[in-house]
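Below: the structure, in structure tokens.
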Amino acid sequence: MLSRVADSVYWMNRYVERAENVARFIDVNHNLTLGDGSGLDDQWAPLIYITGDQVEFEQLYGDYGRDNILRFLVFDDRNPNSILSCVAKARENARTVREVISLSMWEQLNKFYLLMRAAAAQPAEALRSPYEFCEQVKLASHTLVGVTYSTMSHGEAWHFGRLGRLIERADKTSRIVDVQYFVLLPTAQDVGTSLDVVRWSALLKSATALEMYRREHGRIVPENVANFLLLNRYFPRSVHFCLIHSQESLREISGSHRDTFRNRSEQILGRLRADLDYTRIEDVVKHGIHEFIDDLQQRLNDLGAAIRDDFFTTSRQEQSGGGMRQIQ
């Protein structure tokens with residue numbers, strides 16, 4: 001497969017997943033700030049720092065108000081990580097590989113793009129009710145994933161797409177957990193209260209994980225929530241699940257066998273997956289969840305750089321995925 005094609009398919013899927021997960025960030029925050037009373041702007045400001053866009057935001061807006069933050073994260077095409085920018089770039093990558101993807105995929109991605117353009121034409125409605133808008137974004141992303149699974153041959157291109165989507169998802173799931181543990185929880189006095197349970201429930205719901213968590217653990221316990229979203233092998237949005245299936249796709253692409261590796265990407269991903277295989281949530285809590293997630297995100301960034309070096313040409317990378325700064 002041409003590296004240009006692999007690059008476009010990989011980043012098309014990363015961009016769509018990134019758009020969905022920015023919507024999830026907003027949805028988490030919207031749920032967690034309901035009923036908190038005054039001072040809600042203070043609860044929205046950290047989202048800019050989480051996505052690593054504070055320099056750009058301060059240059060464009062300065063004021064960390066709720067509406068400014070939502071506009072920047074959702075509709076501002078000057079922000080390369082906004083939902084609108086991600087969907088537009090996903091569509092552009094898809095356009096360059098029309099011969100590889102199915103017609104149904106192309107049509108669904110165009111519907112997603114038109115949805116965003118229509119919302120951007122009347123931003124006040126989406127900003128006033130971000131929950132409904134975020135649900136539309138998530139549904140459009142889910143539909144595209146389903147269409148891709150059922151209409152595209154599960155060959156090398158499909159595996160590049162799945163690899164990009166799962167790496168992006170692993171990074172963003174870890175960030176959602178980090179938001180709850182270290183940013184959105186107002187005070188230590190709230191830990192263990194009914195408010196704390198509501199917040200953790202909102203987090204699980206925004207990750208579409210509440211029902212599956214309840215079936216496995218029942219009562220809401222923060223340590224169990226972190227374990228479910230970080231280390232569960234079977235839930236599709238958990239970090240561990242994403243890395244297990246990323247490794248499967250990377251092996252299919254490289255043609256390597258179990259317990260061997262042919263490139264640096266496989267080496268990095270294999271070590272990371274093995275570490276999670278033998279990690280217990282008690283060890284994570286003891287070491288520090290924030291520190292664990294920081295290390296995880298750095299290793300995911302290293303993996304992304306290795307995939308670029310192993311499979312994509314520098315010139316093409318500058319035009320597609322590489323032109324968009326990864327969230328640090």
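Following the order of the structure tokens, chains are lettered A, B, ..., residues in each are numbered from 1, and ligands are numbered from 1.
The list of residues with at least one atom within 8 Å of A:Cys134, based on only C-alpha atoms and without residues fewer than 3 positions apart in the same chain, reads A:Glu20, A:Ala23, A:Arg24, A:Ile26, A:Asp27, A:Pro130, A:Tyr131, A:Val137, A:Lys138.
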For this session: With a distance cut-off of 10 Å and only C-alpha atoms, select the neighbouring residues of A:Pro236, excluding the residue or stretch itself and same-chain residues fewer than 5 positions from it, and output the selection as an MDAnalysis selection string.
Result: chainID A and resid 166 169:170 208:209 229 241:242 245
For this session: With a distance cut-off of 9 Å and only C-alpha atoms, select the neighbouring residues of A:Glu92, excluding the residue or stretch itself and same-chain residues fewer than 4 positions from it, and output the selection as an MDAnalysis selection string.
Result: chainID A and resid 8 12 87:88 96 320
Any chance you can output those residues with C-alpha atoms as a PDB file, in the first residue's frame?
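For reference, selection.pdb as written:
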```pdb
ATOM      1  CA  SER A   8      -4.801   9.460   4.835  1.00  0.00           C
ATOM      2  CA  MET A  12      -9.146  10.286   8.627  1.00  0.00           C
ATOM      3  CA  VAL A  87     -14.360  16.791  10.590  1.00  0.00           C
ATOM      4  CA  ALA A  88     -13.227  19.006   7.704  1.00  0.00           C
ATOM      5  CA  THR A  96      -7.825  11.843  -1.442  1.00  0.00           C
ATOM      6  CA  SER A 320      -2.204  15.517   6.597  1.00  0.00           C
TER       7      SER A 320
END
```
Exercise. Restricting the calculation to only C-alpha atoms, which member of A:Met116, A:Ser201, A:Arg251, A:Gln108 is positioned closest to A:Asp77?
Worked result: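 Checking each candidate against A:Asp77, we get A:Met116 as the closest.
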Problem set entry | Nearest to A:Ala226 by atom-to-atom distance, counting only C-alpha atoms, from A:Gly288, A:Gly161, A:Gly155, A:Gly255 | A:Gly288
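Counting only C-alpha atoms, the residue from A:Asn232, A:Glu17, A:Gln54, A:Leu203 that sits nearest to A:Ser141 is A:Glu17.
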For this session: Between atom CA of A:Asp309 and atom CA of A:Leu272, measure the distance and give it in Å to one decimal.
Result: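 It comes out at 18.4 Å.
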For this session: Tell me, in Å to one decimal, how far atom CA of A:Ile50 is from atom CA of A:Val179.
Result: 7.7 Å
Exercise. Which one is closest to A:Lys111: A:Asn93, A:Thr143, A:Ser153, A:Ser246? Count only C-alpha atoms.
Worked result: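 Answer, going by the shortest atom-to-atom distance: A:Thr143.
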Exercise. Just how far from atom CA of A:Val285 is atom CA of A:Arg233, in Å to one decimal?
Worked result: 18.6 Å
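All residues of protein, DNA or RNA that reach within 12 Å of A:Gln267, judged by only C-alpha atoms and not counting those fewer than 5 positions away in the chain, are A:Gln247, A:Leu250, A:Arg251, A:Ser254, A:Ser256, A:Arg258, A:Asp259, A:Thr260, A:Phe261, A:Arg262, A:Leu272, A:Arg273, A:Ala274, A:Arg299, A:Asp302, A:Leu303, A:Ala306, A:Ile307, A:Asp310.
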Let's have the selection written as a PDB file, in the first residue's frame, with N, CA and C atoms.
```pdb
ATOM      1  N   GLN A 247      -2.743  -3.362  18.754  1.00  0.00           N
ATOM      2  CA  GLN A 247      -1.642  -4.290  18.512  1.00  0.00           C
ATOM      3  C   GLN A 247      -2.023  -5.339  17.469  1.00  0.00           C
ATOM      4  N   LEU A 250      -1.730  -3.587  14.121  1.00  0.00           N
ATOM      5  CA  LEU A 250      -0.347  -3.310  13.776  1.00  0.00           C
ATOM      6  C   LEU A 250       0.371  -4.583  13.334  1.00  0.00           C
ATOM      7  N   ARG A 251       0.065  -5.706  13.971  1.00  0.00           N
ATOM      8  CA  ARG A 251       0.659  -6.976  13.555  1.00  0.00           C
ATOM      9  C   ARG A 251       0.182  -7.389  12.170  1.00  0.00           C
ATOM     10  N   SER A 254       2.150  -5.192   9.729  1.00  0.00           N
ATOM     11  CA  SER A 254       3.572  -5.513   9.648  1.00  0.00           C
ATOM     12  C   SER A 254       3.822  -6.954   9.217  1.00  0.00           C
ATOM     13  N   SER A 256       3.896  -9.499  11.302  1.00  0.00           N
ATOM     14  CA  SER A 256       4.712 -10.147  12.327  1.00  0.00           C
ATOM     15  C   SER A 256       3.899 -11.195  13.065  1.00  0.00           C
ATOM     16  N   ARG A 258       3.158 -13.470  16.779  1.00  0.00           N
ATOM     17  CA  ARG A 258       3.052 -13.217  18.213  1.00  0.00           C
ATOM     18  C   ARG A 258       4.427 -13.288  18.878  1.00  0.00           C
ATOM     19  N   ASP A 259       4.673 -12.372  19.817  1.00  0.00           N
ATOM     20  CA  ASP A 259       5.923 -12.322  20.589  1.00  0.00           C
ATOM     21  C   ASP A 259       7.133 -11.920  19.754  1.00  0.00           C
ATOM     22  N   THR A 260       6.898 -11.351  18.566  1.00  0.00           N
ATOM     23  CA  THR A 260       7.994 -10.796  17.766  1.00  0.00           C
ATOM     24  C   THR A 260       7.587  -9.397  17.315  1.00  0.00           C
ATOM     25  N   PHE A 261       8.553  -8.621  16.866  1.00  0.00           N
ATOM     26  CA  PHE A 261       8.228  -7.311  16.304  1.00  0.00           C
ATOM     27  C   PHE A 261       9.193  -6.997  15.173  1.00  0.00           C
ATOM     28  N   ARG A 262       8.702  -6.213  14.208  1.00  0.00           N
ATOM     29  CA  ARG A 262       9.488  -5.894  13.020  1.00  0.00           C
ATOM     30  C   ARG A 262       9.877  -4.432  12.928  1.00  0.00           C
ATOM     31  N   LEU A 272       3.915  -1.265  25.932  1.00  0.00           N
ATOM     32  CA  LEU A 272       2.825  -0.563  26.605  1.00  0.00           C
ATOM     33  C   LEU A 272       1.672  -1.514  26.907  1.00  0.00           C
ATOM     34  N   ARG A 273       1.319  -2.334  25.935  1.00  0.00           N
ATOM     35  CA  ARG A 273       0.232  -3.288  26.151  1.00  0.00           C
ATOM     36  C   ARG A 273       0.606  -4.282  27.259  1.00  0.00           C
ATOM     37  N   ALA A 274       1.868  -4.778  27.251  1.00  0.00           N
ATOM     38  CA  ALA A 274       2.315  -5.726  28.267  1.00  0.00           C
ATOM     39  C   ALA A 274       2.271  -5.105  29.659  1.00  0.00           C
ATOM     40  N   ARG A 299       3.721   8.047  26.232  1.00  0.00           N
ATOM     41  CA  ARG A 299       4.039   6.829  25.482  1.00  0.00           C
ATOM     42  C   ARG A 299       3.143   6.686  24.253  1.00  0.00           C
ATOM     43  N   ASP A 302       4.662   8.927  21.734  1.00  0.00           N
ATOM     44  CA  ASP A 302       5.838   8.268  21.160  1.00  0.00           C
ATOM     45  C   ASP A 302       5.422   7.215  20.137  1.00  0.00           C
ATOM     46  N   LEU A 303       4.353   6.499  20.430  1.00  0.00           N
ATOM     47  CA  LEU A 303       3.844   5.497  19.495  1.00  0.00           C
ATOM     48  C   LEU A 303       3.382   6.152  18.198  1.00  0.00           C
ATOM     49  N   ALA A 306       6.355   7.036  16.170  1.00  0.00           N
ATOM     50  CA  ALA A 306       6.992   5.848  15.588  1.00  0.00           C
ATOM     51  C   ALA A 306       6.206   5.341  14.386  1.00  0.00           C
ATOM     52  N   ILE A 307       4.884   5.362  14.462  1.00  0.00           N
ATOM     53  CA  ILE A 307       4.051   4.945  13.325  1.00  0.00           C
ATOM     54  C   ILE A 307       4.306   5.864  12.136  1.00  0.00           C
ATOM     55  N   ASP A 310       7.736   4.890  10.744  1.00  0.00           N
ATOM     56  CA  ASP A 310       7.798   3.540  10.169  1.00  0.00           C
ATOM     57  C   ASP A 310       6.992   3.398   8.886  1.00  0.00           C
TER      58      ASP A 310
END
```
